[in-house]
Amino acid sequence: MSEAAINLSHHFLIAMPQLEDEFFARSVVYVCEHNARGSLGLVINKPGSLTLKGLLEKIDLPLGRTDLAEQPVFRGGPVQVDRGFVLHDPVVLDAPHTEESAYASTLSVPGGLEMTTSKDVLEAVAHGAGPRRLLVSLGYASWGAGQLESELRENAWLTVDADTRIVFDVPPEERYAAALQLLGLQPWMLHTEAGNA
């Protein structure tokens, strides 16, 4: 398979032990977009100190859904850390055969979730509606053209098809191990360097 044909959208990137960067050490990244121009994803296992209720208070919105009040806001990556990104289940609109999202600025991940960057998704949540499951992050991770492929060749990341249950239902501190388990691996099985026979 040629590099141009690789599409890691709706995959997890799982950091290998040698990746010691502040944002990426032991991280799991949900890849929202991967094409010839580069890649974009959100780290799903690094909660920050802010809760969703706290974030909405900062932008003068009430929180109409108590089920989300204490949900952490995640550190999604080192790019645009002051901007919000909402990863959520696809929104099904009432209109038949529509390809549009319910929100102004949404990227639909083929076979996966949606990522919305417009405030209207948070306004919907504030009013007790919005997507049933969501993960809010500040910042995102990105790679230029060919950069992620290069990191994959250097064994910086493992890849596996994403499981949305890990994104939404597994506690953040268990997501790294849960993602590895999709490959039949445990964290202790990973080594920072190859052994000698």
# chains A, B, ... in the order shown; residues from 1 in each chain; ligands from 1
>>> residues_around(residues="Cys32 of chain A", least_positions_apart="5", cutoff="9 Å", atoms="only C-alpha atoms", output="list in words")
Leu8, Ser9, His10, His11, Ser39, Leu40, Gly41, Leu42, Leu87, Leu107, Ser108, Val109, Pro110, Gly112, Leu113, Glu114 and Met115 of chain A
>>> select_by_dssp(residues="segment 58-113 of chain A", states="helix (DSSP H, G or I)", output="list in words")
Lys58, Thr66, Asp67 and Leu68 of chain A
>>> residues_around(residues="Leu148 of chain A", least_positions_apart="2", cutoff="10 Å", atoms="only C-alpha atoms", output="list in words")
Leu8, Leu13, His34, Gly38, Ser39, Leu40, Ser142, Trp143, Gly144, Ala145, Gly146, Ser150, Glu151, Leu152, Arg153, Glu154, Ala156 and Trp157 of chain A
>>> atom_distance(atom1="atom CA of Leu52 of chain A", atom2="atom CA of Glu173 of chain A")
17.8 Å
>>> residues_around(residues="Tyr176 of chain A", least_positions_apart="5", cutoff="12 Å", atoms="only C-alpha atoms", output="list in words")
Phe12, Leu13, Ile14, Ala15, Met16, Pro17, Phe24, Ala25, Arg26, Ser27, Val28, Val29, Tyr30, Val43, Ile44, Asn45, Lys46, Leu158, Ile166, Val167, Val170, Pro171, Gln181, Leu182, Leu183, Leu185, Gln186, Pro187 and Trp188 of chain A
>>> decode(residues="segment 8-162 of chain A", atoms="C-alpha atoms", output="PDB file, in the first residue's frame")
ATOM      1  CA  LEU A   8      -5.810   6.964   9.433  1.00  0.00           C
ATOM      2  CA  SER A   9      -9.020   8.944   9.971  1.00  0.00           C
ATOM      3  CA  HIS A  10     -11.095   7.292  12.749  1.00  0.00           C
ATOM      4  CA  HIS A  11      -7.981   5.565  14.104  1.00  0.00           C
ATOM      5  CA  PHE A  12      -6.162   5.876  17.384  1.00  0.00           C
ATOM      6  CA  LEU A  13      -2.510   6.835  17.476  1.00  0.00           C
ATOM      7  CA  ILE A  14      -0.982   5.269  20.589  1.00  0.00           C
ATOM      8  CA  ALA A  15       2.289   6.812  21.744  1.00  0.00           C
ATOM      9  CA  MET A  16       5.245   4.493  22.060  1.00  0.00           C
ATOM     10  CA  PRO A  17       7.393   4.833  25.228  1.00  0.00           C
ATOM     11  CA  GLN A  18      10.185   6.746  23.456  1.00  0.00           C
ATOM     12  CA  LEU A  19       7.753   9.604  22.744  1.00  0.00           C
ATOM     13  CA  GLU A  20       8.450  11.796  25.770  1.00  0.00           C
ATOM     14  CA  ASP A  21       6.986  15.120  24.594  1.00  0.00           C
ATOM     15  CA  GLU A  22       4.822  16.846  27.259  1.00  0.00           C
ATOM     16  CA  PHE A  23       1.658  16.523  25.173  1.00  0.00           C
ATOM     17  CA  PHE A  24       2.272  13.141  23.617  1.00  0.00           C
ATOM     18  CA  ALA A  25       3.916  10.915  26.264  1.00  0.00           C
ATOM     19  CA  ARG A  26       1.522   7.971  26.889  1.00  0.00           C
ATOM     20  CA  SER A  27      -1.114   9.686  24.784  1.00  0.00           C
ATOM     21  CA  VAL A  28      -3.959   8.334  22.706  1.00  0.00           C
ATOM     22  CA  VAL A  29      -4.895  10.560  19.763  1.00  0.00           C
ATOM     23  CA  TYR A  30      -8.179  10.222  17.900  1.00  0.00           C
ATOM     24  CA  VAL A  31      -7.377  11.065  14.267  1.00  0.00           C
ATOM     25  CA  CYS A  32     -10.090  13.329  12.841  1.00  0.00           C
ATOM     26  CA  GLU A  33      -8.503  13.916   9.457  1.00  0.00           C
ATOM     27  CA  HIS A  34      -5.614  12.368   7.552  1.00  0.00           C
ATOM     28  CA  ASN A  35      -4.878  13.114   3.921  1.00  0.00           C
ATOM     29  CA  ALA A  36      -2.081  14.224   1.586  1.00  0.00           C
ATOM     30  CA  ARG A  37      -2.034  17.703   3.204  1.00  0.00           C
ATOM     31  CA  GLY A  38      -1.435  16.335   6.707  1.00  0.00           C
ATOM     32  CA  SER A  39      -3.240  15.115   9.794  1.00  0.00           C
ATOM     33  CA  LEU A  40      -5.333  16.496  12.628  1.00  0.00           C
ATOM     34  CA  GLY A  41      -6.353  14.776  15.846  1.00  0.00           C
ATOM     35  CA  LEU A  42      -7.333  15.217  19.478  1.00  0.00           C
ATOM     36  CA  VAL A  43      -5.588  13.708  22.503  1.00  0.00           C
ATOM     37  CA  ILE A  44      -8.371  11.874  24.358  1.00  0.00           C
ATOM     38  CA  ASN A  45      -6.636  10.799  27.558  1.00  0.00           C
ATOM     39  CA  LYS A  46      -5.121  13.982  29.043  1.00  0.00           C
ATOM     40  CA  PRO A  47      -7.734  15.828  31.100  1.00  0.00           C
ATOM     41  CA  GLY A  48      -6.965  19.382  32.154  1.00  0.00           C
ATOM     42  CA  SER A  49      -8.025  21.017  35.402  1.00  0.00           C
ATOM     43  CA  LEU A  50     -11.121  22.688  33.910  1.00  0.00           C
ATOM     44  CA  THR A  51     -14.539  20.996  33.930  1.00  0.00           C
ATOM     45  CA  LEU A  52     -17.155  21.450  31.236  1.00  0.00           C
ATOM     46  CA  LYS A  53     -19.244  23.457  33.711  1.00  0.00           C
ATOM     47  CA  GLY A  54     -16.248  25.714  34.371  1.00  0.00           C
ATOM     48  CA  LEU A  55     -15.600  26.178  30.656  1.00  0.00           C
ATOM     49  CA  LEU A  56     -19.205  27.136  29.960  1.00  0.00           C
ATOM     50  CA  GLU A  57     -19.158  29.609  32.866  1.00  0.00           C
ATOM     51  CA  LYS A  58     -16.085  31.260  31.286  1.00  0.00           C
ATOM     52  CA  ILE A  59     -18.052  31.875  28.080  1.00  0.00           C
ATOM     53  CA  ASP A  60     -21.217  32.946  29.939  1.00  0.00           C
ATOM     54  CA  LEU A  61     -23.299  29.878  29.177  1.00  0.00           C
ATOM     55  CA  PRO A  62     -25.290  27.948  31.778  1.00  0.00           C
ATOM     56  CA  LEU A  63     -25.005  24.167  31.806  1.00  0.00           C
ATOM     57  CA  GLY A  64     -28.399  22.603  31.186  1.00  0.00           C
ATOM     58  CA  ARG A  65     -27.111  19.040  31.422  1.00  0.00           C
ATOM     59  CA  THR A  66     -26.066  17.927  34.882  1.00  0.00           C
ATOM     60  CA  ASP A  67     -24.709  14.650  33.429  1.00  0.00           C
ATOM     61  CA  LEU A  68     -21.833  16.646  31.917  1.00  0.00           C
ATOM     62  CA  ALA A  69     -21.075  19.154  34.711  1.00  0.00           C
ATOM     63  CA  GLU A  70     -17.966  17.439  36.096  1.00  0.00           C
ATOM     64  CA  GLN A  71     -16.699  16.070  32.780  1.00  0.00           C
ATOM     65  CA  PRO A  72     -13.113  17.277  32.300  1.00  0.00           C
ATOM     66  CA  VAL A  73     -12.027  19.464  29.428  1.00  0.00           C
ATOM     67  CA  PHE A  74      -9.097  17.704  27.754  1.00  0.00           C
ATOM     68  CA  ARG A  75      -5.729  19.005  26.577  1.00  0.00           C
ATOM     69  CA  GLY A  76      -6.262  18.063  22.951  1.00  0.00           C
ATOM     70  CA  GLY A  77      -2.805  18.982  21.691  1.00  0.00           C
ATOM     71  CA  PRO A  78      -0.234  21.766  21.470  1.00  0.00           C
ATOM     72  CA  VAL A  79      -1.892  23.775  18.650  1.00  0.00           C
ATOM     73  CA  GLN A  80      -4.431  26.568  19.408  1.00  0.00           C
ATOM     74  CA  VAL A  81      -4.682  25.657  23.097  1.00  0.00           C
ATOM     75  CA  ASP A  82      -7.112  28.528  23.705  1.00  0.00           C
ATOM     76  CA  ARG A  83      -9.631  27.187  21.182  1.00  0.00           C
ATOM     77  CA  GLY A  84     -12.313  24.571  21.854  1.00  0.00           C
ATOM     78  CA  PHE A  85     -12.842  21.382  19.892  1.00  0.00           C
ATOM     79  CA  VAL A  86     -15.819  19.111  20.531  1.00  0.00           C
ATOM     80  CA  LEU A  87     -15.615  15.455  19.537  1.00  0.00           C
ATOM     81  CA  HIS A  88     -19.085  13.916  19.484  1.00  0.00           C
ATOM     82  CA  ASP A  89     -21.396  11.283  18.064  1.00  0.00           C
ATOM     83  CA  PRO A  90     -22.722  12.128  14.609  1.00  0.00           C
ATOM     84  CA  VAL A  91     -25.852  14.227  14.822  1.00  0.00           C
ATOM     85  CA  VAL A  92     -28.779  12.781  12.918  1.00  0.00           C
ATOM     86  CA  LEU A  93     -30.879  15.492  11.347  1.00  0.00           C
ATOM     87  CA  ASP A  94     -34.584  15.120  10.632  1.00  0.00           C
ATOM     88  CA  ALA A  95     -34.212  16.165   7.001  1.00  0.00           C
ATOM     89  CA  PRO A  96     -33.915  13.137   4.691  1.00  0.00           C
ATOM     90  CA  HIS A  97     -30.717  12.502   2.721  1.00  0.00           C
ATOM     91  CA  THR A  98     -28.832  15.480   4.122  1.00  0.00           C
ATOM     92  CA  GLU A  99     -25.055  15.523   4.419  1.00  0.00           C
ATOM     93  CA  GLU A 100     -25.060  18.657   6.558  1.00  0.00           C
ATOM     94  CA  SER A 101     -24.219  18.717  10.225  1.00  0.00           C
ATOM     95  CA  ALA A 102     -26.416  20.339  12.839  1.00  0.00           C
ATOM     96  CA  TYR A 103     -23.563  22.730  13.676  1.00  0.00           C
ATOM     97  CA  ALA A 104     -21.889  25.523  11.734  1.00  0.00           C
ATOM     98  CA  SER A 105     -18.320  24.202  11.660  1.00  0.00           C
ATOM     99  CA  THR A 106     -18.166  20.416  11.783  1.00  0.00           C
ATOM    100  CA  LEU A 107     -15.786  17.880  10.315  1.00  0.00           C
ATOM    101  CA  SER A 108     -17.402  14.468   9.811  1.00  0.00           C
ATOM    102  CA  VAL A 109     -14.881  11.672  10.225  1.00  0.00           C
ATOM    103  CA  PRO A 110     -15.710   8.892   7.722  1.00  0.00           C
ATOM    104  CA  GLY A 111     -17.002   5.904   9.658  1.00  0.00           C
ATOM    105  CA  GLY A 112     -16.531   7.689  12.937  1.00  0.00           C
ATOM    106  CA  LEU A 113     -17.365  10.735  14.968  1.00  0.00           C
ATOM    107  CA  GLU A 114     -17.789  14.436  14.264  1.00  0.00           C
ATOM    108  CA  MET A 115     -15.532  17.250  15.439  1.00  0.00           C
ATOM    109  CA  THR A 116     -17.143  20.655  15.838  1.00  0.00           C
ATOM    110  CA  THR A 117     -15.273  23.902  16.423  1.00  0.00           C
ATOM    111  CA  SER A 118     -18.209  26.322  16.429  1.00  0.00           C
ATOM    112  CA  LYS A 119     -19.765  27.602  19.654  1.00  0.00           C
ATOM    113  CA  ASP A 120     -23.270  26.453  18.651  1.00  0.00           C
ATOM    114  CA  VAL A 121     -22.589  22.888  19.839  1.00  0.00           C
ATOM    115  CA  LEU A 122     -21.766  24.213  23.327  1.00  0.00           C
ATOM    116  CA  GLU A 123     -24.846  26.440  23.206  1.00  0.00           C
ATOM    117  CA  ALA A 124     -26.962  23.348  22.479  1.00  0.00           C
ATOM    118  CA  VAL A 125     -25.394  21.553  25.461  1.00  0.00           C
ATOM    119  CA  ALA A 126     -25.954  24.627  27.630  1.00  0.00           C
ATOM    120  CA  HIS A 127     -29.659  24.453  26.817  1.00  0.00           C
ATOM    121  CA  GLY A 128     -29.949  20.780  27.727  1.00  0.00           C
ATOM    122  CA  ALA A 129     -29.630  19.392  24.184  1.00  0.00           C
ATOM    123  CA  GLY A 130     -26.641  18.685  21.958  1.00  0.00           C
ATOM    124  CA  PRO A 131     -24.904  15.392  21.254  1.00  0.00           C
ATOM    125  CA  ARG A 132     -25.529  12.608  23.757  1.00  0.00           C
ATOM    126  CA  ARG A 133     -21.814  11.786  24.053  1.00  0.00           C
ATOM    127  CA  LEU A 134     -19.075  14.357  23.687  1.00  0.00           C
ATOM    128  CA  LEU A 135     -15.486  15.111  24.598  1.00  0.00           C
ATOM    129  CA  VAL A 136     -14.386  18.751  24.791  1.00  0.00           C
ATOM    130  CA  SER A 137     -10.746  19.706  24.364  1.00  0.00           C
ATOM    131  CA  LEU A 138      -8.702  22.850  24.227  1.00  0.00           C
ATOM    132  CA  GLY A 139      -6.121  22.599  21.464  1.00  0.00           C
ATOM    133  CA  TYR A 140      -5.433  19.934  18.890  1.00  0.00           C
ATOM    134  CA  ALA A 141      -2.571  17.946  17.416  1.00  0.00           C
ATOM    135  CA  SER A 142      -1.504  18.354  13.808  1.00  0.00           C
ATOM    136  CA  TRP A 143       1.108  17.030  11.433  1.00  0.00           C
ATOM    137  CA  GLY A 144       2.181  18.495   8.089  1.00  0.00           C
ATOM    138  CA  ALA A 145       2.197  16.571   4.824  1.00  0.00           C
ATOM    139  CA  GLY A 146       4.131  13.321   5.317  1.00  0.00           C
ATOM    140  CA  GLN A 147       5.089  14.151   8.919  1.00  0.00           C
ATOM    141  CA  LEU A 148       2.871  11.543  10.572  1.00  0.00           C
ATOM    142  CA  GLU A 149       3.977   8.892   8.060  1.00  0.00           C
ATOM    143  CA  SER A 150       7.576   9.714   8.977  1.00  0.00           C
ATOM    144  CA  GLU A 151       6.821   9.348  12.702  1.00  0.00           C
ATOM    145  CA  LEU A 152       5.115   6.012  11.996  1.00  0.00           C
ATOM    146  CA  ARG A 153       8.243   4.779  10.159  1.00  0.00           C
ATOM    147  CA  GLU A 154      10.275   5.814  13.228  1.00  0.00           C
ATOM    148  CA  ASN A 155       7.949   3.682  15.409  1.00  0.00           C
ATOM    149  CA  ALA A 156       6.780   6.677  17.460  1.00  0.00           C
ATOM    150  CA  TRP A 157       3.148   5.531  17.240  1.00  0.00           C
ATOM    151  CA  LEU A 158       1.062   2.393  17.051  1.00  0.00           C
ATOM    152  CA  THR A 159      -2.191   2.645  15.086  1.00  0.00           C
ATOM    153  CA  VAL A 160      -5.497   0.843  15.469  1.00  0.00           C
ATOM    154  CA  ASP A 161      -9.090   1.402  14.359  1.00  0.00           C
ATOM    155  CA  ALA A 162     -10.764   3.684  16.881  1.00  0.00           C
TER     156      ALA A 162
END
